[in-house]
file data_3.cif (mmCIF, C-alpha atoms)
data_protein
loop_
_atom_site.label_atom_id
_atom_site.label_comp_id
_atom_site.auth_asym_id
_atom_site.auth_seq_id
_atom_site.Cartn_x
_atom_site.Cartn_y
_atom_site.Cartn_z
CA MET A 292 102.80 140.11 117.56
CA SER A 293 102.79 138.96 121.18
CA ALA A 294 101.25 135.61 122.02
CA GLY A 295 97.45 135.58 122.22
CA TYR A 296 94.41 133.43 121.67
CA ALA A 297 91.03 133.73 120.00
CA VAL A 298 87.87 131.63 119.95
CA LEU A 299 86.78 130.66 116.43
CA ASP A 300 82.99 130.73 116.45
CA ARG A 301 82.96 129.89 112.73
CA ARG A 302 84.32 126.42 113.56
CA SER A 303 82.68 123.72 115.70
CA VAL A 304 83.57 120.20 116.77
CA VAL A 305 82.00 116.95 115.60
CA ALA A 306 83.13 113.50 116.73
CA VAL A 307 83.45 110.10 115.10
CA THR A 308 83.54 107.31 117.69
CA GLY A 309 83.51 103.52 117.52
CA GLU A 310 86.01 100.83 116.63
CA ASP A 311 85.77 101.47 112.86
CA ARG A 312 86.27 105.25 113.13
CA LYS A 313 89.65 105.39 111.38
CA ALA A 314 88.79 102.86 108.68
CA PHE A 315 85.56 104.73 108.01
CA LEU A 316 87.22 108.11 107.48
CA GLN A 317 90.20 106.59 105.68
CA GLY A 318 88.05 105.87 102.64
CA LEU A 319 86.42 109.31 102.64
CA VAL A 320 88.93 112.05 103.43
CA SER A 321 92.12 113.17 101.72
CA ASN A 322 94.65 112.57 104.49
CA ASP A 323 95.94 109.38 106.12
CA MET A 324 93.89 108.55 109.21
CA LEU A 325 96.48 106.01 110.33
CA ARG A 326 98.72 108.96 111.21
CA VAL A 327 96.08 110.61 113.40
CA THR A 328 96.68 109.81 117.08
CA PRO A 329 96.41 111.57 120.45
CA ASP A 330 99.93 112.83 119.71
CA HIS A 331 99.42 113.89 116.10
CA ALA A 332 96.70 115.87 114.30
CA ALA A 333 96.11 116.25 110.58
CA TYR A 334 94.38 118.59 108.14
CA ALA A 335 92.06 116.98 105.61
CA LEU A 336 89.44 117.56 102.94
CA PHE A 337 86.13 115.90 102.18
CA LEU A 338 85.72 116.06 98.39
CA THR A 339 83.12 115.25 95.77
CA PRO A 340 83.72 112.12 93.66
CA GLN A 341 84.97 114.56 91.01
CA GLY A 342 87.68 115.84 93.37
CA LYS A 343 86.04 119.21 94.15
CA PHE A 344 85.97 120.81 97.60
CA LEU A 345 83.10 120.15 100.01
CA HIS A 346 84.58 120.55 103.53
CA ASP A 347 87.92 121.13 105.23
CA PHE A 348 88.84 120.45 108.86
CA THR A 349 91.61 119.51 111.24
CA ILE A 350 91.36 116.06 112.88
CA VAL A 351 92.85 114.74 116.09
CA GLU A 352 92.17 111.69 118.26
CA SER A 353 91.35 112.28 121.90
CA ASP A 354 89.72 110.69 124.91
CA ALA A 355 90.51 113.74 127.04
CA VAL A 356 87.07 115.27 126.59
CA GLU A 357 84.03 113.48 127.95
CA SER A 358 80.74 113.23 126.08
CA GLY A 359 78.23 112.69 128.86
CA ALA A 360 79.49 109.79 130.93
CA ASP A 361 81.46 108.34 128.03
CA SER A 362 85.14 109.21 127.49
CA ALA A 363 85.93 106.69 124.77
CA ALA A 364 88.49 107.70 122.17
CA ALA A 365 87.06 109.81 119.38
CA LEU A 366 88.24 111.42 116.19
CA LEU A 367 87.43 115.12 116.62
CA LEU A 368 86.89 117.27 113.51
CA ASP A 369 86.28 121.03 113.27
CA PRO A 370 84.10 121.80 110.23
CA GLU A 371 82.58 125.22 109.68
CA THR A 372 79.86 125.86 112.24
CA ASP A 373 77.09 126.68 109.80
CA ARG A 374 77.98 123.69 107.59
CA ARG A 375 78.58 120.99 110.19
CA ALA A 376 75.08 119.56 109.70
CA ASP A 377 75.88 119.10 106.00
CA LEU A 378 79.10 117.26 106.83
CA LEU A 379 77.33 114.98 109.33
CA ARG A 380 74.61 114.27 106.78
CA ARG A 381 77.15 113.31 104.14
CA LEU A 382 79.09 111.10 106.54
CA LYS A 383 75.90 109.32 107.57
CA MET A 384 75.29 108.44 103.92
CA TYR A 385 78.43 106.28 103.96
CA LYS A 386 78.04 104.76 107.42
CA LEU A 387 76.34 101.54 106.22
CA ARG A 388 77.46 98.77 108.62
CA SER A 389 80.52 100.56 109.97
CA LYS A 390 80.76 100.39 113.74
CA ILE A 391 80.84 104.12 114.32
CA ALA A 392 78.74 106.89 115.82
CA LEU A 393 78.59 110.50 114.64
CA GLU A 394 78.12 113.22 117.25
CA ASP A 395 77.71 116.98 117.16
CA ARG A 396 79.83 118.33 120.04
CA ALA A 397 79.36 122.03 119.33
CA GLU A 398 77.77 122.56 122.73
CA ALA A 399 80.49 120.71 124.64
CA LEU A 400 83.62 122.01 122.93
CA ARG A 401 84.95 125.30 121.60
CA VAL A 402 87.53 125.72 118.86
CA ALA A 403 90.30 128.16 119.76
CA VAL A 404 93.60 129.24 118.27
CA ALA A 405 96.79 130.43 119.95
CA PHE A 406 99.11 132.53 117.80
CA GLY A 407 101.85 135.14 117.84
CA ASP A 408 105.37 135.11 119.22
CA GLY A 409 105.81 132.40 121.86
CA ALA A 410 102.29 130.94 121.58
CA LEU A 411 103.47 127.40 120.86
CA THR A 412 106.02 127.55 123.66
CA ALA A 413 103.35 128.73 126.10
CA LEU A 414 101.34 125.59 125.29
CA GLY A 415 104.33 123.26 125.46
CA LEU A 416 104.21 122.52 121.73
CA PRO A 417 107.07 122.37 119.20
CA ALA A 418 106.99 123.99 115.76
CA GLU A 419 106.29 120.60 114.20
CA PRO A 420 103.03 120.42 112.21
CA GLY A 421 100.36 118.37 113.95
CA THR A 422 102.13 117.68 117.25
CA ALA A 423 99.37 117.30 119.88
CA ARG A 424 99.06 117.15 123.67
CA PRO A 425 96.30 117.33 126.32
CA PHE A 426 95.57 120.87 127.48
CA GLY A 427 92.91 122.53 129.62
CA GLY A 428 90.67 119.48 129.76
CA GLY A 429 90.81 119.20 125.97
CA ILE A 430 93.58 118.96 123.41
CA ALA A 431 96.02 121.39 121.76
CA PHE A 432 98.06 120.83 118.62
CA THR A 433 100.46 122.70 116.40
CA ASP A 434 98.54 123.68 113.28
CA PRO A 435 99.07 120.77 110.87
CA ARG A 436 98.96 123.12 107.88
CA LEU A 437 101.60 125.60 108.92
CA PRO A 438 103.30 126.06 112.33
CA THR A 439 103.46 129.86 111.80
CA LEU A 440 99.66 129.81 112.23
CA GLY A 441 100.27 128.74 115.84
CA ALA A 442 98.15 126.14 117.61
CA ARG A 443 94.58 124.93 117.40
CA LEU A 444 92.67 123.75 120.46
CA PHE A 445 89.45 121.86 121.17
CA LEU A 446 88.43 122.89 124.68
CA PRO A 447 85.47 122.64 127.05
CA ALA A 448 84.04 126.03 128.03
CA ASP A 449 85.99 126.13 131.29
CA GLY A 450 89.19 125.21 129.44
CA ILE A 451 89.45 128.70 127.95
CA ALA A 452 90.74 129.90 131.32
CA ALA A 453 93.78 127.65 130.89
CA LEU A 454 94.86 129.78 127.92
CA GLU A 455 95.03 132.88 130.07
CA ALA A 456 96.78 130.93 132.81
CA ALA A 457 99.41 130.04 130.20
CA GLY A 458 100.05 133.76 129.66
CA LEU A 459 98.06 134.23 126.46
CA VAL A 460 96.05 137.42 125.95
CA ARG A 461 92.57 137.21 124.47
CA ARG A 462 92.34 138.67 120.97
CA ASP A 463 89.63 139.12 118.40
CA ALA A 464 89.26 136.41 115.78
CA ALA A 465 89.92 139.13 113.19
CA ASP A 466 93.54 139.30 114.41
CA TYR A 467 93.96 135.63 113.58
CA ASP A 468 92.29 136.20 110.22
CA ARG A 469 94.84 138.91 109.38
CA LEU A 470 97.65 136.46 110.14
CA ARG A 471 96.01 133.80 107.98
CA LEU A 472 95.65 136.18 105.03
CA SER A 473 99.22 137.42 105.35
CA LEU A 474 100.40 133.82 105.07
CA GLY A 475 98.13 133.02 102.13
CA VAL A 476 96.19 130.23 103.87
CA PRO A 477 92.60 129.58 102.71
CA ASP A 478 89.83 128.86 105.19
CA GLY A 479 86.80 126.86 104.15
CA THR A 480 84.06 128.63 102.24
CA ALA A 481 85.63 132.02 102.90
CA ASP A 482 87.98 131.07 100.06
CA LEU A 483 86.73 127.83 98.53
CA ILE A 484 83.51 127.24 96.60
CA PRO A 485 81.75 123.96 97.42
CA GLU A 486 81.55 121.57 94.47
CA LYS A 487 83.72 123.88 92.35
CA SER A 488 87.10 124.59 93.98
CA ILE A 489 90.03 122.32 93.11
CA PRO A 490 92.34 121.50 96.06
CA LEU A 491 95.62 121.98 94.18
CA GLU A 492 94.57 125.38 92.84
CA ASN A 493 94.23 126.41 96.48
CA ARG A 494 97.63 125.00 97.53
CA MET A 495 96.11 122.29 99.71
CA ASP A 496 98.89 119.88 98.81
CA ALA A 497 101.48 122.29 100.24
CA LEU A 498 99.33 122.70 103.37
CA ASN A 499 99.59 118.98 104.21
CA ALA A 500 95.95 118.24 103.34
CA ILE A 501 96.60 115.37 100.95
CA SER A 502 98.31 112.01 101.37
CA TRP A 503 99.64 110.78 98.03
CA ASP A 504 100.31 107.22 99.19
CA LYS A 505 97.32 106.26 101.38
CA GLY A 506 95.25 104.67 98.62
CA CYS A 507 91.71 105.40 97.53
CA TYR A 508 89.41 108.00 99.03
CA MET A 509 86.55 110.12 97.71
CA GLY A 510 87.88 112.23 94.83
CA GLN A 511 91.36 110.64 94.95
CA GLU A 512 91.59 109.65 91.27
CA LEU A 513 90.94 113.11 89.86
CA THR A 514 93.08 114.81 92.53
CA ALA A 515 96.04 112.56 91.61
CA ARG A 516 95.44 113.09 87.90
CA THR A 517 95.48 116.86 88.40
CA LYS A 518 98.85 116.62 90.14
CA TYR A 519 100.64 114.18 87.87
CA ARG A 520 99.37 115.66 84.61
CA ALA A 521 100.22 119.22 85.73
CA LEU A 522 96.71 120.45 84.98
CA ILE A 523 96.77 123.46 87.34
CA LYS A 524 96.24 126.78 85.53
CA LYS A 525 95.32 128.92 88.54
CA LYS A 526 96.64 129.39 92.07
CA LEU A 527 95.52 131.16 95.23
CA PHE A 528 97.80 134.09 96.10
CA PRO A 529 98.06 136.36 99.13
CA ALA A 530 97.94 139.95 97.91
CA ALA A 531 98.32 143.50 99.19
CA VAL A 532 95.47 145.83 98.25
CA ASP A 533 96.08 149.51 97.50
CA GLY A 534 92.77 151.38 97.38
CA PRO A 535 89.19 150.59 98.39
CA MET A 536 88.85 147.03 99.63
CA PRO A 537 87.10 144.88 97.00
CA GLU A 538 84.28 142.56 97.96
CA PRO A 539 84.85 138.80 97.84
CA GLY A 540 83.98 137.63 94.35
CA THR A 541 85.23 140.80 92.65
CA ALA A 542 86.85 140.08 89.28
CA VAL A 543 90.60 140.71 89.04
CA THR A 544 91.88 142.10 85.74
CA LEU A 545 95.29 142.62 84.15
CA ASP A 546 95.61 145.17 81.36
CA GLY A 547 91.84 144.96 80.88
CA LYS A 548 91.77 141.17 80.65
CA GLU A 549 90.07 139.01 83.27
CA ALA A 550 92.76 137.30 85.35
CA GLY A 551 91.04 135.87 88.41
CA GLU A 552 88.80 136.58 91.38
CA ILE A 553 89.05 137.94 94.92
CA ARG A 554 88.36 135.53 97.78
CA SER A 555 88.90 136.72 101.41
CA VAL A 556 89.69 140.35 102.24
CA ARG A 557 90.60 142.21 105.42
CA ASP A 558 92.45 145.45 106.23
CA GLY A 559 94.51 145.85 103.07
CA ALA A 560 95.13 142.13 102.56
CA ALA A 561 93.39 139.64 100.31
CA LEU A 562 93.50 136.18 98.86
CA ALA A 563 92.97 136.02 95.10
CA LEU A 564 92.66 133.08 92.74
CA LEU A 565 94.75 134.11 89.71
CA ARG A 566 95.62 132.61 86.35
CA LEU A 567 99.26 131.58 86.43
CA GLU A 568 99.92 132.79 82.89
CA GLU A 569 98.67 136.25 83.88
CA VAL A 570 100.84 136.29 87.00
CA GLU A 571 103.83 135.49 84.80
CA ARG A 572 102.82 138.17 82.26
CA ALA A 573 102.46 140.79 85.00
CA ALA A 574 105.91 140.01 86.41
CA LYS A 575 107.54 140.02 82.98
CA ASN A 576 105.99 143.30 81.81
CA GLY A 577 105.71 145.25 85.07
CA LEU A 578 101.90 145.31 84.94
CA SER A 579 99.52 145.71 87.88
CA PHE A 580 96.40 143.74 88.69
CA GLN A 581 93.16 145.61 89.32
CA ALA A 582 90.21 144.64 91.50
CA GLY A 583 87.64 147.33 90.83
CA PRO A 584 89.38 150.66 91.55
CA ALA A 585 92.00 148.99 93.77
CA THR A 586 95.45 147.79 92.75
CA LEU A 587 96.39 144.26 93.72
CA THR A 588 99.96 143.06 94.31
CA PRO A 589 100.11 139.26 94.57
CA GLN A 590 102.92 137.51 96.43
CA GLU A 591 104.21 133.96 96.53
CA PRO A 592 103.69 132.28 99.93
CA GLY A 593 107.18 131.48 101.14
CA TRP A 594 105.99 128.11 102.42
CA ASP A 595 104.70 126.75 99.08
CA ILE A 596 107.39 124.70 97.38
CA THR A 597 104.83 123.41 94.88
CA THR A 598 104.16 126.70 93.11
CA LYS A 599 106.93 126.30 90.58
CA GLY A 600 106.66 122.54 90.36
#

call {"tool": "encode", "arguments": {"input": "data_3.cif", "output": "structure tokens"}}
result
Amino acid sequence: MSAGYAVLDRRSVVAVTGEDRKAFLQGLVSNDMLRVTPDHAAYALFLTPQGKFLHDFTIVESDAVESGADSAAALLLDPETDRRADLLRRLKMYKLRSKIALEDRAEALRVAVAFGDGALTALGLPAEPGTARPFGGGIAFTDPRLPTLGARLFLPADGIAALEAAGLVRRDAADYDRLRLSLGVPDGTADLIPEKSIPLENRMDALNAISWDKGCYMGQELTARTKYRALIKKKLFPAAVDGPMPEPGTAVTLDGKEAGEIRSVRDGAALALLRLEEVERAAKNGLSFQAGPATLTPQEPGWDITTKG
């Protein structure tokens, strides 16, 4: 696929400003905020105290984008657009005396992605997860989850023109979604159920969402216990669909036995949360998964070194 860009309306930008911004988020999110700088972005989760998914977002530090007359450094996050108010509400609950401010910057900034052959090169970025640089009056960074996803950008409205000036062709967000599904990468509530989904079942550790040595954060104890006690019984798999496309939430069966559930779907591709023992049984006995009348063929993401571990 040639290099292109798309605007992700399902994601919006919120900002955390103030001198305590990193210390504040350090105790709440799953990744190490000390590694987040204007040169390096991260991917992180906000979890329940029981270690279940609530929100996911990329985070980068930037003073390149003004908020009114103020251009002080801010941590910029991109939660799901229709759930950003929930994230801000939850963050405010923990503000206490922290010297921070929380801002909704959905009107000032757009979230865009650049992907396809040569997209990173066009933006002057290496294939190194999280590498960031100023671009178009905002900031661009190599996707901290997986460089094959391309780059993510937080841009003012007039910054979109800089993408075309860099030689990128505008594409529909569905094109990016097809790439995401082919790589087996989950995306917020399209694939994860708030207060139910477990990060390691959804390969978040392999997608650089979790720091194992940063110390305590919300949900850290149960997340670590899940890892070190090898409690994972299910995993999220990319899958090819042969037949009518199933709806998200459709039960997946193997030889008549329930084996999992469909998450995202698009154009013959899907993500499915499957029981690992059933995946092993299918491979050993040459059986096929079914999702309604469709046949499902799960695949291992080539990037996930944790699947067998």

call {"tool": "residues_around", "arguments": {"input": "data_3.cif", "residues": "stretch 328-340 of chain A", "least_positions_apart": "3", "cutoff": "7 Å", "atoms": "all atoms listed in the file", "output": "PyMOL selection string"}}
result
chain A and resi 319-322+343-353+421-424+432+435-436+486+499-501+509-510

call {"tool": "resolve_selection", "arguments": {"input": "data_3.cif", "expression": "the PyMOL selection byres ((chain A and resi 433) around 8)", "output": "JSON, numbers by chain"}}
result
{"A": [411, 416, 417, 418, 419, 420, 421, 422, 423, 431, 432, 434, 435, 438, 441, 442, 443]}

call {"tool": "closest_residue", "arguments": {"input": "data_3.cif", "among": "A:Ala585, A:Gly540, A:Ala376, A:Lys524", "to": "A:Glu569", "atoms": "only C-alpha atoms"}}
result
A:Lys524

call {"tool": "resolve_selection", "arguments": {"input": "data_3.cif", "expression": "the PyMOL selection byres ((chain A and resi 491) around 8)", "output": "number ranges by chain"}}
result
A: 489-490, 492-496, 514, 517-518, 523, 526

call {"tool": "residues_around", "arguments": {"input": "data_3.cif", "residues": "stretch 452-467 of chain A", "least_positions_apart": "2", "cutoff": "9 Å", "atoms": "all atoms listed in the file", "output": "ChimeraX atom specification"}}
result
/A:293-300,404-407,410,413-414,426-428,440,448-450,469-472,557

call {"tool": "decode", "arguments": {"input": "data_3.cif", "residues": "stretch 531-566 of chain A", "atoms": "N, CA and C atoms", "output": "compact mmCIF listing (two decimals), in the first residue's frame"}}
result
# COMPACT_ATOMS: atom_id res chain seq x y z
N ALA A 531 -8.92 -14.65 9.47
CA ALA A 531 -9.57 -14.51 8.17
C ALA A 531 -10.96 -15.12 8.27
N VAL A 532 -11.93 -14.47 7.65
CA VAL A 532 -13.32 -14.92 7.69
C VAL A 532 -13.74 -15.37 6.30
N ASP A 533 -14.23 -16.60 6.21
CA ASP A 533 -14.75 -17.14 4.95
C ASP A 533 -16.25 -17.32 5.10
N GLY A 534 -17.02 -16.47 4.44
CA GLY A 534 -18.47 -16.51 4.56
C GLY A 534 -19.01 -15.17 5.01
N PRO A 535 -20.29 -15.13 5.36
CA PRO A 535 -20.90 -13.86 5.81
C PRO A 535 -20.17 -13.29 7.02
N MET A 536 -19.93 -11.99 7.00
CA MET A 536 -19.20 -11.39 8.11
C MET A 536 -20.04 -11.43 9.38
N PRO A 537 -19.50 -12.00 10.45
CA PRO A 537 -20.23 -12.03 11.72
C PRO A 537 -20.24 -10.66 12.39
N GLU A 538 -21.23 -10.41 13.20
CA GLU A 538 -21.30 -9.18 13.97
C GLU A 538 -20.35 -9.28 15.16
N PRO A 539 -19.78 -8.13 15.61
CA PRO A 539 -19.03 -8.16 16.86
C PRO A 539 -19.88 -8.74 17.98
N GLY A 540 -19.28 -9.58 18.79
CA GLY A 540 -20.00 -10.24 19.86
C GLY A 540 -20.50 -11.62 19.51
N THR A 541 -20.41 -12.00 18.22
CA THR A 541 -20.84 -13.34 17.81
C THR A 541 -19.99 -14.41 18.48
N ALA A 542 -20.62 -15.46 18.98
CA ALA A 542 -19.89 -16.56 19.61
C ALA A 542 -19.11 -17.34 18.55
N VAL A 543 -17.90 -17.73 18.90
CA VAL A 543 -17.07 -18.59 18.04
C VAL A 543 -17.11 -20.00 18.63
N THR A 544 -17.33 -21.00 17.77
CA THR A 544 -17.40 -22.37 18.24
C THR A 544 -16.36 -23.23 17.53
N LEU A 545 -16.01 -24.34 18.15
CA LEU A 545 -15.11 -25.33 17.56
C LEU A 545 -15.72 -26.70 17.82
N ASP A 546 -16.10 -27.38 16.74
CA ASP A 546 -16.70 -28.71 16.87
C ASP A 546 -17.92 -28.67 17.79
N GLY A 547 -18.69 -27.57 17.68
CA GLY A 547 -19.90 -27.42 18.47
C GLY A 547 -19.70 -26.89 19.87
N LYS A 548 -18.47 -26.66 20.28
CA LYS A 548 -18.18 -26.19 21.63
C LYS A 548 -17.79 -24.72 21.58
N GLU A 549 -18.33 -23.93 22.52
CA GLU A 549 -17.99 -22.51 22.54
C GLU A 549 -16.51 -22.32 22.78
N ALA A 550 -15.88 -21.48 21.93
CA ALA A 550 -14.42 -21.32 21.99
C ALA A 550 -13.97 -19.88 22.10
N GLY A 551 -14.90 -18.93 22.01
CA GLY A 551 -14.51 -17.53 22.09
C GLY A 551 -15.57 -16.61 21.55
N GLU A 552 -15.14 -15.42 21.12
CA GLU A 552 -16.07 -14.38 20.70
C GLU A 552 -15.42 -13.45 19.69
N ILE A 553 -16.19 -13.02 18.70
CA ILE A 553 -15.73 -12.05 17.72
C ILE A 553 -15.66 -10.66 18.34
N ARG A 554 -14.60 -9.91 18.01
CA ARG A 554 -14.50 -8.51 18.39
C ARG A 554 -14.71 -7.64 17.14
N SER A 555 -13.65 -7.00 16.60
CA SER A 555 -13.79 -6.17 15.40
C SER A 555 -13.92 -7.03 14.14
N VAL A 556 -14.60 -6.50 13.13
CA VAL A 556 -14.68 -7.15 11.82
C VAL A 556 -14.63 -6.09 10.73
N ARG A 557 -14.05 -6.45 9.60
CA ARG A 557 -14.09 -5.59 8.42
C ARG A 557 -13.53 -6.34 7.21
N ASP A 558 -14.35 -6.42 6.15
CA ASP A 558 -13.89 -6.89 4.84
C ASP A 558 -13.11 -8.20 4.90
N GLY A 559 -13.69 -9.22 5.49
CA GLY A 559 -13.05 -10.53 5.50
C GLY A 559 -12.01 -10.73 6.57
N ALA A 560 -11.83 -9.75 7.44
CA ALA A 560 -10.85 -9.86 8.53
C ALA A 560 -11.56 -9.61 9.85
N ALA A 561 -11.04 -10.21 10.91
CA ALA A 561 -11.65 -10.06 12.22
C ALA A 561 -10.59 -10.19 13.30
N LEU A 562 -10.95 -9.72 14.49
CA LEU A 562 -10.21 -10.05 15.70
C LEU A 562 -11.15 -10.89 16.56
N ALA A 563 -10.62 -11.98 17.11
CA ALA A 563 -11.44 -12.88 17.93
C ALA A 563 -10.68 -13.24 19.19
N LEU A 564 -11.38 -13.18 20.31
CA LEU A 564 -10.82 -13.62 21.58
C LEU A 564 -11.12 -15.11 21.71
N LEU A 565 -10.06 -15.95 21.72
CA LEU A 565 -10.23 -17.40 21.66
C LEU A 565 -9.54 -18.08 22.83
N ARG A 566 -10.14 -19.18 23.27
CA ARG A 566 -9.53 -20.00 24.31
C ARG A 566 -8.29 -20.70 23.75
